[in-house]
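File shown: entry.cif (mmCIF, C-alpha atoms).
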data_my_file
#
loop_
_atom_site.label_atom_id
_atom_site.label_comp_id
_atom_site.auth_asym_id
_atom_site.auth_seq_id
_atom_site.Cartn_x
_atom_site.Cartn_y
_atom_site.Cartn_z
CA MET Z 1 27.12 17.33 14.16
CA LYS Z 2 25.40 14.60 12.22
CA ASP Z 3 24.14 17.14 9.65
CA LYS Z 4 27.68 18.51 9.24
CA ASN Z 5 29.10 15.03 8.72
CA LYS Z 6 26.40 14.21 6.16
CA SER Z 7 27.19 17.42 4.35
CA LYS Z 8 30.91 16.62 4.29
CA ASN Z 9 30.22 13.08 3.02
CA LYS Z 10 27.99 14.43 0.23
CA LYS Z 11 30.72 16.87 -0.81
CA LYS Z 12 33.28 14.08 -0.83
CA LYS Z 13 31.00 11.86 -2.92
CA THR Z 14 30.33 14.71 -5.31
CA LEU Z 15 34.05 15.42 -5.59
CA ARG Z 16 34.80 11.75 -6.23
CA LYS Z 17 32.14 11.71 -9.00
CA ILE Z 18 33.66 14.79 -10.59
CA VAL Z 19 37.12 13.23 -10.43
CA ARG Z 20 35.82 10.00 -12.02
CA VAL Z 21 34.10 11.95 -14.80
CA LEU Z 22 37.22 14.00 -15.43
CA ALA Z 23 39.32 10.84 -15.46
CA ARG Z 24 37.00 9.29 -18.03
CA ILE Z 25 37.18 12.40 -20.18
CA VAL Z 26 40.98 12.35 -20.01
CA VAL Z 27 41.04 8.66 -20.97
CA LEU Z 28 38.62 9.34 -23.85
CA VAL Z 29 40.77 12.22 -25.09
CA ILE Z 30 43.86 10.01 -24.94
CA VAL Z 31 42.08 7.21 -26.82
CA LEU Z 32 40.84 9.65 -29.47
CA ALA Z 33 44.33 11.10 -29.79
CA ILE Z 34 45.73 7.61 -30.33
CA ILE Z 35 43.05 6.84 -32.94
CA PHE Z 36 43.74 10.16 -34.64
CA SER Z 37 47.44 9.40 -34.72
CA ILE Z 38 46.82 5.98 -36.21
CA VAL Z 39 44.34 7.21 -38.80
CA PHE Z 40 45.78 10.56 -39.81
CA LEU Z 41 49.45 10.52 -38.91
CA SER Z 42 50.52 6.95 -39.57
CA GLY Z 43 50.72 5.31 -42.97
CA VAL Z 44 48.17 2.62 -42.14
CA PHE Z 45 45.38 4.37 -44.06
CA SER Z 46 47.41 6.03 -46.80
CA VAL Z 47 47.24 5.79 -50.59
CA LYS Z 48 49.49 2.93 -51.64
CA SER Z 49 48.42 2.54 -55.26
CA ILE Z 50 46.25 4.24 -57.88
CA GLU Z 51 44.46 2.04 -60.41
CA ILE Z 52 43.02 3.81 -63.45
CA THR Z 53 40.97 2.23 -66.21
CA ILE Z 54 39.50 3.85 -69.31
CA ASP Z 55 36.34 2.15 -70.54
CA GLY Z 56 37.14 -0.73 -68.19
CA VAL Z 57 40.65 -1.33 -69.58
CA ASN Z 58 43.94 -0.39 -67.96
CA GLN Z 59 45.37 1.36 -71.00
CA ASP Z 60 45.21 4.72 -72.75
CA GLY Z 61 42.00 5.48 -74.64
CA GLU Z 62 41.68 6.88 -78.14
CA SER Z 63 42.22 10.48 -77.04
CA LEU Z 64 42.56 10.20 -73.26
CA GLN Z 65 45.74 9.11 -71.48
CA ILE Z 66 45.92 7.41 -68.09
CA SER Z 67 48.69 9.83 -67.07
CA GLU Z 68 46.33 12.77 -67.69
CA VAL Z 69 43.58 11.19 -65.58
CA GLU Z 70 46.05 10.64 -62.74
CA ARG Z 71 47.28 14.23 -63.01
CA LEU Z 72 43.74 15.61 -62.86
CA SER Z 73 42.87 13.39 -59.89
CA GLY Z 74 45.49 15.17 -57.79
CA LEU Z 75 46.17 11.93 -55.92
CA ILE Z 76 49.57 11.37 -54.33
CA ILE Z 77 51.02 8.11 -53.04
CA GLY Z 78 51.20 8.37 -49.25
CA GLN Z 79 48.23 10.74 -49.01
CA ASN Z 80 45.78 9.93 -46.21
CA LEU Z 81 42.69 8.11 -47.42
CA PHE Z 82 40.40 10.07 -45.12
CA GLU Z 83 41.56 13.36 -46.60
CA ILE Z 84 40.44 12.35 -50.09
CA SER Z 85 37.10 13.55 -51.48
CA ARG Z 86 35.73 11.33 -54.23
CA GLY Z 87 33.45 14.15 -55.37
CA ALA Z 88 36.37 16.55 -55.73
CA ILE Z 89 38.32 13.97 -57.74
CA LYS Z 90 35.37 13.44 -60.09
CA GLN Z 91 34.86 17.15 -60.67
CA SER Z 92 38.55 17.64 -61.40
CA ILE Z 93 38.74 14.76 -63.90
CA LEU Z 94 35.53 15.91 -65.61
CA GLN Z 95 37.36 19.10 -66.62
CA ASN Z 96 38.75 17.09 -69.52
CA ARG Z 97 36.26 17.26 -72.40
CA TYR Z 98 37.04 13.67 -73.43
CA VAL Z 99 35.71 12.38 -70.09
CA ASP Z 100 32.05 11.32 -70.15
CA SER Z 101 31.74 9.90 -66.61
CA VAL Z 102 33.94 8.97 -63.65
CA GLU Z 103 33.69 6.42 -60.86
CA VAL Z 104 36.04 6.67 -57.85
CA THR Z 105 36.35 3.91 -55.23
CA LYS Z 106 38.47 3.97 -52.08
CA HIS Z 107 39.72 0.64 -50.74
CA PHE Z 108 41.03 0.26 -47.20
CA ASN Z 109 44.04 -1.66 -48.48
CA GLY Z 110 45.26 1.72 -49.73
CA THR Z 111 44.15 1.44 -53.36
CA ILE Z 112 42.16 4.14 -55.15
CA SER Z 113 40.29 2.85 -58.22
CA ILE Z 114 39.24 5.29 -60.92
CA ASN Z 115 37.23 4.20 -63.96
CA VAL Z 116 36.61 6.72 -66.72
CA GLU Z 117 34.21 6.42 -69.64
CA GLU Z 118 35.75 8.17 -72.62
CA ARG Z 119 33.97 10.27 -75.22
CA LYS Z 120 34.95 9.20 -78.74
CA VAL Z 121 35.42 11.55 -81.67
CA LYS Z 122 32.62 10.58 -84.08
CA TYR Z 123 32.28 13.57 -86.44
CA LEU Z 124 34.09 16.67 -87.61
CA ILE Z 125 32.73 20.16 -88.29
CA ASN Z 126 34.68 22.65 -90.43
CA TYR Z 127 35.32 25.89 -88.57
CA ALA Z 128 37.72 28.76 -89.26
CA GLY Z 129 40.15 26.61 -91.22
CA SER Z 130 40.20 23.95 -88.51
CA TYR Z 131 38.02 21.06 -87.38
CA ILE Z 132 35.72 20.79 -84.40
CA TYR Z 133 35.69 17.27 -82.97
CA ILE Z 134 32.34 16.11 -81.58
CA ASP Z 135 31.05 12.81 -80.20
CA ASN Z 136 27.79 11.09 -81.12
CA LYS Z 137 25.96 13.06 -78.41
CA GLY Z 138 26.99 16.43 -79.82
CA ASN Z 139 29.59 17.22 -77.14
CA ILE Z 140 32.36 19.49 -78.44
CA LEU Z 141 35.64 17.81 -77.61
CA GLU Z 142 38.36 19.80 -79.31
CA LEU Z 143 39.26 22.34 -82.00
CA SER Z 144 42.13 20.97 -84.08
CA SER Z 145 43.94 21.50 -87.37
CA GLU Z 146 44.12 17.72 -87.87
CA LYS Z 147 41.50 16.16 -90.13
CA LYS Z 148 40.55 12.70 -88.96
CA ASP Z 149 39.23 10.05 -91.34
CA ILE Z 150 35.64 10.29 -90.10
CA PRO Z 151 32.49 11.94 -91.51
CA VAL Z 152 32.30 15.72 -91.70
CA ILE Z 153 28.98 17.33 -90.78
CA LEU Z 154 27.95 20.28 -92.94
CA GLY Z 155 25.26 22.88 -92.27
CA ALA Z 156 25.35 23.01 -88.46
CA SER Z 157 23.61 26.11 -87.06
CA THR Z 158 25.39 26.17 -83.67
CA ASP Z 159 27.32 29.40 -83.00
CA PHE Z 160 30.94 28.35 -82.49
CA THR Z 161 32.36 31.89 -82.16
CA SER Z 162 33.16 31.45 -78.46
CA LEU Z 163 35.54 28.58 -79.29
CA ALA Z 164 37.95 31.10 -80.73
CA VAL Z 165 37.34 34.24 -78.69
CA GLY Z 166 35.35 33.28 -75.58
CA SER Z 167 36.66 32.61 -72.10
CA SER Z 168 36.89 28.97 -71.05
CA GLU Z 169 33.86 29.41 -68.76
CA ASN Z 170 31.65 30.74 -71.54
CA ARG Z 171 32.73 28.56 -74.46
CA VAL Z 172 30.05 26.52 -76.18
CA THR Z 173 30.40 22.88 -75.12
CA ARG Z 174 27.63 21.20 -77.10
CA LEU Z 175 25.61 21.57 -80.29
CA ASN Z 176 22.38 23.54 -80.05
CA ASP Z 177 19.02 21.76 -79.75
CA ASP Z 178 18.23 21.96 -83.47
CA ASP Z 179 21.58 20.42 -84.42
CA LEU Z 180 21.21 17.76 -81.71
CA GLU Z 181 17.91 16.62 -83.23
CA LYS Z 182 19.56 16.38 -86.64
CA LEU Z 183 22.54 14.59 -85.14
CA ASP Z 184 20.20 11.82 -83.96
CA VAL Z 185 19.23 11.33 -87.60
CA VAL Z 186 22.88 11.31 -88.67
CA ASN Z 187 23.65 8.68 -86.03
CA ASN Z 188 20.80 6.59 -87.42
CA ILE Z 189 22.10 7.02 -90.99
CA LEU Z 190 25.57 5.83 -90.00
CA GLU Z 191 24.23 2.94 -87.93
CA ILE Z 192 22.05 1.60 -90.76
CA ALA Z 193 24.81 2.23 -93.29
CA LYS Z 194 27.18 0.21 -91.09
CA SER Z 195 24.75 -2.70 -90.93
CA ASN Z 196 24.80 -2.65 -94.76
CA ASP Z 197 28.61 -2.32 -95.00
CA VAL Z 198 28.52 1.08 -96.69
CA ASP Z 199 29.32 3.35 -93.72
CA ALA Z 200 32.99 3.62 -94.71
CA LEU Z 201 31.92 5.29 -97.98
CA ILE Z 202 30.25 8.23 -96.20
CA SER Z 203 32.64 11.16 -96.04
CA ARG Z 204 30.28 14.10 -95.44
CA VAL Z 205 26.69 14.65 -94.27
CA ASP Z 206 24.80 17.88 -94.95
CA ILE Z 207 22.14 18.58 -92.29
CA THR Z 208 21.14 22.05 -93.53
CA ASP Z 209 17.67 20.91 -94.56
CA ASP Z 210 15.97 18.35 -92.31
CA LYS Z 211 13.61 17.58 -95.20
CA ASN Z 212 16.52 16.52 -97.38
CA TYR Z 213 19.65 15.16 -95.75
CA ILE Z 214 22.53 14.86 -98.21
CA ILE Z 215 25.45 12.45 -97.92
CA TYR Z 216 28.61 12.61 -99.98
CA LEU Z 217 30.49 9.49 -101.01
CA ASP Z 218 33.72 11.19 -102.07
CA SER Z 219 35.60 7.97 -102.83
CA GLU Z 220 32.78 6.99 -105.19
CA GLY Z 221 32.27 10.47 -106.61
CA LYS Z 222 28.60 10.27 -105.72
CA THR Z 223 26.11 12.51 -103.91
CA VAL Z 224 23.06 10.95 -102.27
CA TYR Z 225 19.85 12.88 -101.57
CA LEU Z 226 18.11 11.02 -98.73
CA GLY Z 227 15.05 13.22 -98.21
CA ASP Z 228 13.65 13.40 -94.69
CA CYS Z 229 15.11 9.97 -93.85
CA SER Z 230 11.76 8.28 -93.33
CA ASN Z 231 11.93 4.56 -94.25
CA LEU Z 232 15.68 4.94 -93.84
CA ASN Z 233 16.43 1.23 -93.99
CA THR Z 234 14.82 1.00 -97.43
CA ARG Z 235 16.58 4.14 -98.68
CA ILE Z 236 20.00 2.85 -97.61
CA LEU Z 237 19.31 -0.49 -99.30
CA TYR Z 238 18.46 1.36 -102.53
CA MET Z 239 21.63 3.42 -102.14
CA LYS Z 240 23.75 0.30 -101.71
CA SER Z 241 22.20 -1.30 -104.76
CA ILE Z 242 22.74 1.78 -106.96
CA ILE Z 243 26.35 2.17 -105.75
CA LYS Z 244 27.05 -1.39 -106.86
CA GLN Z 245 25.18 -1.00 -110.15
CA GLU Z 246 26.87 2.33 -111.01
CA SER Z 247 30.33 1.43 -109.71
CA GLY Z 248 33.07 3.71 -111.00
CA ILE Z 249 30.60 6.27 -112.35
CA GLN Z 250 30.31 9.70 -110.77
CA GLY Z 251 26.87 11.17 -110.28
CA GLU Z 252 23.87 11.71 -108.01
CA ILE Z 253 21.54 9.23 -106.32
CA PHE Z 254 18.03 10.53 -105.77
CA LEU Z 255 16.25 8.96 -102.79
CA ASN Z 256 14.39 12.13 -101.74
CA ILE Z 257 11.17 10.82 -103.23
CA ASP Z 258 7.95 9.13 -102.18
CA LEU Z 259 9.03 5.51 -102.18
CA ASP Z 260 5.40 4.36 -102.42
CA SER Z 261 4.86 5.99 -105.78
CA GLU Z 262 8.29 6.73 -107.25
CA TYR Z 263 11.43 4.75 -107.93
CA PRO Z 264 14.93 5.91 -106.91
CA TYR Z 265 17.22 6.84 -109.77
CA PHE Z 266 20.82 7.74 -110.61
CA ARG Z 267 21.98 10.65 -112.73
CA GLU Z 268 25.47 10.54 -114.10
CA SER Z 269 27.60 13.67 -113.89
CA VAL Z 270 28.19 15.36 -117.21
#

Can you give me the file's structure in the form of structure tokens?
Amino acid sequence: MKDKNKSKNKKKKTLRKIVRVLARIVVLVIVLAIIFSIVFLSGVFSVKSIEITIDGVNQDGESLQISEVERLSGLIIGQNLFEISRGAIKQSILQNRYVDSVEVTKHFNGTISINVEERKVKYLINYAGSYIYIDNKGNILELSSEKKDIPVILGASTDFTSLAVGSSENRVTRLNDDDLEKLDVVNNILEIAKSNDVDALISRVDITDDKNYIIYLDSEGKTVYLGDCSNLNTRILYMKSIIKQESGIQGEIFLNIDLDSEYPYFRESV
């Protein structure tokens, strides 16, 4: 009898344990359901505002509009914060060729902050009766019929055929390696020219021959042969001096010489 009673008591204890465990599970499920309702179904953690800045400023950039960034983000006021993927937003915004980088921050007050660094059009390249816009890193931004008042690069070897006939997935998006190396030199030319207040005179740069870069000062009617651009600071100083000395006279400035043994000179057009 005692063994039977012990067995019954053990079964009762086991049953009570099972009931307690089941009760805890039910309570946990209810709690999780409440949390889920608060987080995913209520508006407590929803998007209440979208703050977009371009280059740290809350206004349209040179070629990129805040409205376009917001459209690409896909964000909607009232959308649940926990459903939003920052990575997906970045990838979507980066589809725009004028976007260099994107930072997305979620705030638990319901604000989504997006800061975009914009690529600026620095140079033009003539192509098929239109102009290819590129930035100072050689990224191809746009093909347009509009000519901007910025330097035109001549002699690029990049194959741009896919811009006109290729699918969007296969279109060239950047200059080739050879042109990128030459672009570094062009950037240096413009930077030093700017420090000498003559950058605004440069209308075209010919990069065909990396042993003799040529710049055209169309407003001055002058062509400048820079050589391989070694001792570039000195060459630009000579150029500035000759421009001033030969003001109003069309011709050619020869700086593609050995500056240690020869002297730069100007030849007037006949």

*Hey, what's within 9 Å of region 255-269 of chain Z if we count all atoms listed in the file and toss same-chain stuff fewer than 4 positions away? As a ChimeraX atom specification, please?*
/Z:211-213,222,224-229,231,234-236,238-239,242,246,249-251

_Between CA of Ile134 (chain Z) and CA of Ile150 (chain Z), what is the distance in Å, rounded to a tenth?_
10.8 Å

*For Asn126 (chain Z), which of Z:Arg204, Z:Lys90, Z:Arg71, Z:Arg16 is the closest residue, counting only C-alpha atoms?*
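The answer is Z:Arg204, which sits nearest to Asn126 (chain Z).
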
Could you give me, as a tab-separated table (two decimals) with C-alpha atoms, in the coordinates of the input, the residues within 9 Å of region 43-54 of chain Z, counting only C-alpha atoms and dropping anything in the same chain fewer than 5 positions from it?
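Below is the file selection32.tsv, written as the result:
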chain	number	residue	atom	x	y	z
Z	38	ILE	CA	46.82	5.98	-36.21
Z	59	GLN	CA	45.37	1.36	-71.00
Z	60	ASP	CA	45.21	4.72	-72.75
Z	61	GLY	CA	42.00	5.48	-74.64
Z	64	LEU	CA	42.56	10.20	-73.26
Z	65	GLN	CA	45.74	9.11	-71.48
Z	66	ILE	CA	45.92	7.41	-68.09
Z	69	VAL	CA	43.58	11.19	-65.58
Z	70	GLU	CA	46.05	10.64	-62.74
Z	75	LEU	CA	46.17	11.93	-55.92
Z	76	ILE	CA	49.57	11.37	-54.33
Z	77	ILE	CA	51.02	8.11	-53.04
Z	78	GLY	CA	51.20	8.37	-49.25
Z	79	GLN	CA	48.23	10.74	-49.01
Z	80	ASN	CA	45.78	9.93	-46.21
Z	81	LEU	CA	42.69	8.11	-47.42
Z	82	PHE	CA	40.40	10.07	-45.12
Z	108	PHE	CA	41.03	0.26	-47.20
Z	109	ASN	CA	44.04	-1.66	-48.48
Z	110	GLY	CA	45.26	1.72	-49.73
Z	111	THR	CA	44.15	1.44	-53.36
Z	112	ILE	CA	42.16	4.14	-55.15
Z	113	SER	CA	40.29	2.85	-58.22
Z	114	ILE	CA	39.24	5.29	-60.92
Z	115	ASN	CA	37.23	4.20	-63.96
Z	116	VAL	CA	36.61	6.72	-66.72
Z	117	GLU	CA	34.21	6.42	-69.64
Z	118	GLU	CA	35.75	8.17	-72.62

*Residues returned when the PyMOL selection byres ((chain Z and resi 146) around 12) runs on this file, as an NGL selection string*: :Z and (124-126 or 129-133 or 142-145 or 147-150)

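Put simply, CA of Asn196 (chain Z) is 26.4 Å away from CA of Ala156 (chain Z).
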
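The spacing separating CA of His107 (chain Z) from CA of Val57 (chain Z) amounts to 19.0 Å.
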
*Kindly resolve the PyMOL selection byres ((chain Z and resi 207) around 8) on the present coordinates and return the residues as a VMD selection string.*
chain Z and resid 153 to 156 182 205 to 206 208 to 210 212 to 214

Given the selection you just returned, output its residues as a file containing C-alpha atoms, formatted as a compact mmCIF listing (two decimals), in the coordinates of the input.
# COMPACT_ATOMS: atom_id res chain seq x y z
CA ILE Z 153 28.98 17.33 -90.78
CA LEU Z 154 27.95 20.28 -92.94
CA GLY Z 155 25.26 22.88 -92.27
CA ALA Z 156 25.35 23.01 -88.46
CA LYS Z 182 19.56 16.38 -86.64
CA VAL Z 205 26.69 14.65 -94.27
CA ASP Z 206 24.80 17.88 -94.95
CA THR Z 208 21.14 22.05 -93.53
CA ASP Z 209 17.67 20.91 -94.56
CA ASP Z 210 15.97 18.35 -92.31
CA ASN Z 212 16.52 16.52 -97.38
CA TYR Z 213 19.65 15.16 -95.75
CA ILE Z 214 22.53 14.86 -98.21

_Measuring between only C-alpha atoms, which one of Z:Val26, Z:Ile253, Z:Leu183, Z:Leu232 shows the shortest distance to Tyr216 (chain Z)?_
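For Tyr216 (chain Z), the nearest of the candidates is Z:Ile253.
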
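The residue that comes closest to Val152 (chain Z), out of Z:Lys122, Z:Lys137, Z:Arg86, Z:Lys194 and on the basis of all atoms listed in the file, is Z:Lys122.
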
Would you mind writing region 151-178 of chain Z with N, CA and C atoms, as a JSON list (two decimals), keeping the file's coordinate frame?
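This went into part_24.json:
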[["chain", "number", "residue", "atom", "x", "y", "z"],
["Z", 151, "PRO", "N", 33.41, 11.04, -90.78],
["Z", 151, "PRO", "CA", 32.49, 11.94, -91.51],
["Z", 151, "PRO", "C", 32.51, 13.38, -91.01],
["Z", 152, "VAL", "N", 32.40, 14.29, -91.99],
["Z", 152, "VAL", "CA", 32.30, 15.72, -91.70],
["Z", 152, "VAL", "C", 30.82, 16.12, -91.78],
["Z", 153, "ILE", "N", 30.36, 16.84, -90.77],
["Z", 153, "ILE", "CA", 28.98, 17.33, -90.78],
["Z", 153, "ILE", "C", 28.95, 18.75, -91.33],
["Z", 154, "LEU", "N", 28.10, 18.97, -92.32],
["Z", 154, "LEU", "CA", 27.95, 20.28, -92.94],
["Z", 154, "LEU", "C", 26.60, 20.88, -92.54],
["Z", 155, "GLY", "N", 26.54, 22.20, -92.49],
["Z", 155, "GLY", "CA", 25.26, 22.88, -92.27],
["Z", 155, "GLY", "C", 24.82, 23.01, -90.83],
["Z", 156, "ALA", "N", 25.72, 22.84, -89.87],
["Z", 156, "ALA", "CA", 25.35, 23.01, -88.46],
["Z", 156, "ALA", "C", 25.03, 24.48, -88.19],
["Z", 157, "SER", "N", 24.03, 24.73, -87.36],
["Z", 157, "SER", "CA", 23.61, 26.11, -87.06],
["Z", 157, "SER", "C", 24.13, 26.61, -85.72],
["Z", 158, "THR", "N", 24.83, 25.78, -84.97],
["Z", 158, "THR", "CA", 25.39, 26.17, -83.67],
["Z", 158, "THR", "C", 26.40, 27.31, -83.86],
["Z", 159, "ASP", "N", 26.36, 28.29, -82.97],
["Z", 159, "ASP", "CA", 27.32, 29.40, -83.00],
["Z", 159, "ASP", "C", 28.60, 28.97, -82.29],
["Z", 160, "PHE", "N", 29.67, 28.83, -83.05],
["Z", 160, "PHE", "CA", 30.94, 28.35, -82.49],
["Z", 160, "PHE", "C", 31.92, 29.49, -82.21],
["Z", 161, "THR", "N", 31.46, 30.74, -82.30],
["Z", 161, "THR", "CA", 32.36, 31.89, -82.16],
["Z", 161, "THR", "C", 33.15, 31.84, -80.86],
["Z", 162, "SER", "N", 32.50, 31.43, -79.77],
["Z", 162, "SER", "CA", 33.16, 31.45, -78.46],
["Z", 162, "SER", "C", 34.33, 30.48, -78.37],
["Z", 163, "LEU", "N", 34.40, 29.51, -79.30],
["Z", 163, "LEU", "CA", 35.54, 28.58, -79.29],
["Z", 163, "LEU", "C", 36.83, 29.31, -79.56],
["Z", 164, "ALA", "N", 36.75, 30.37, -80.35],
["Z", 164, "ALA", "CA", 37.95, 31.10, -80.73],
["Z", 164, "ALA", "C", 38.22, 32.31, -79.85],
["Z", 165, "VAL", "N", 37.13, 32.97, -79.40],
["Z", 165, "VAL", "CA", 37.34, 34.24, -78.69],
["Z", 165, "VAL", "C", 36.77, 34.25, -77.27],
["Z", 166, "GLY", "N", 35.99, 33.26, -76.89],
["Z", 166, "GLY", "CA", 35.35, 33.28, -75.58],
["Z", 166, "GLY", "C", 36.27, 32.77, -74.47],
["Z", 167, "SER", "N", 35.93, 33.14, -73.24],
["Z", 167, "SER", "CA", 36.66, 32.61, -72.10],
["Z", 167, "SER", "C", 36.29, 31.15, -71.92],
["Z", 168, "SER", "N", 37.13, 30.40, -71.21],
["Z", 168, "SER", "CA", 36.89, 28.97, -71.05],
["Z", 168, "SER", "C", 35.56, 28.69, -70.36],
["Z", 169, "GLU", "N", 35.11, 29.61, -69.48],
["Z", 169, "GLU", "CA", 33.86, 29.41, -68.76],
["Z", 169, "GLU", "C", 32.65, 29.58, -69.67],
["Z", 170, "ASN", "N", 32.80, 30.41, -70.71],
["Z", 170, "ASN", "CA", 31.65, 30.74, -71.54],
["Z", 170, "ASN", "C", 31.67, 30.06, -72.91],
["Z", 171, "ARG", "N", 32.65, 29.22, -73.16],
["Z", 171, "ARG", "CA", 32.73, 28.56, -74.46],
["Z", 171, "ARG", "C", 31.60, 27.56, -74.63],
["Z", 172, "VAL", "N", 31.09, 27.49, -75.87],
["Z", 172, "VAL", "CA", 30.05, 26.52, -76.18],
["Z", 172, "VAL", "C", 30.64, 25.12, -76.01],
["Z", 173, "THR", "N", 29.89, 24.23, -75.38],
["Z", 173, "THR", "CA", 30.40, 22.88, -75.12],
["Z", 173, "THR", "C", 29.60, 21.79, -75.82],
["Z", 174, "ARG", "N", 28.47, 22.20, -76.45],
["Z", 174, "ARG", "CA", 27.63, 21.20, -77.10],
["Z", 174, "ARG", "C", 26.85, 21.86, -78.23],
["Z", 175, "LEU", "N", 26.43, 21.05, -79.20],
["Z", 175, "LEU", "CA", 25.61, 21.57, -80.29],
["Z", 175, "LEU", "C", 24.28, 22.10, -79.75],
["Z", 176, "ASN", "N", 23.68, 23.03, -80.49],
["Z", 176, "ASN", "CA", 22.38, 23.54, -80.05],
["Z", 176, "ASN", "C", 21.29, 22.49, -80.26],
["Z", 177, "ASP", "N", 20.10, 22.76, -79.74],
["Z", 177, "ASP", "CA", 19.02, 21.76, -79.75],
["Z", 177, "ASP", "C", 18.64, 21.33, -81.17],
["Z", 178, "ASP", "N", 18.60, 22.29, -82.09],
["Z", 178, "ASP", "CA", 18.23, 21.96, -83.47],
["Z", 178, "ASP", "C", 19.25, 21.00, -84.09]]
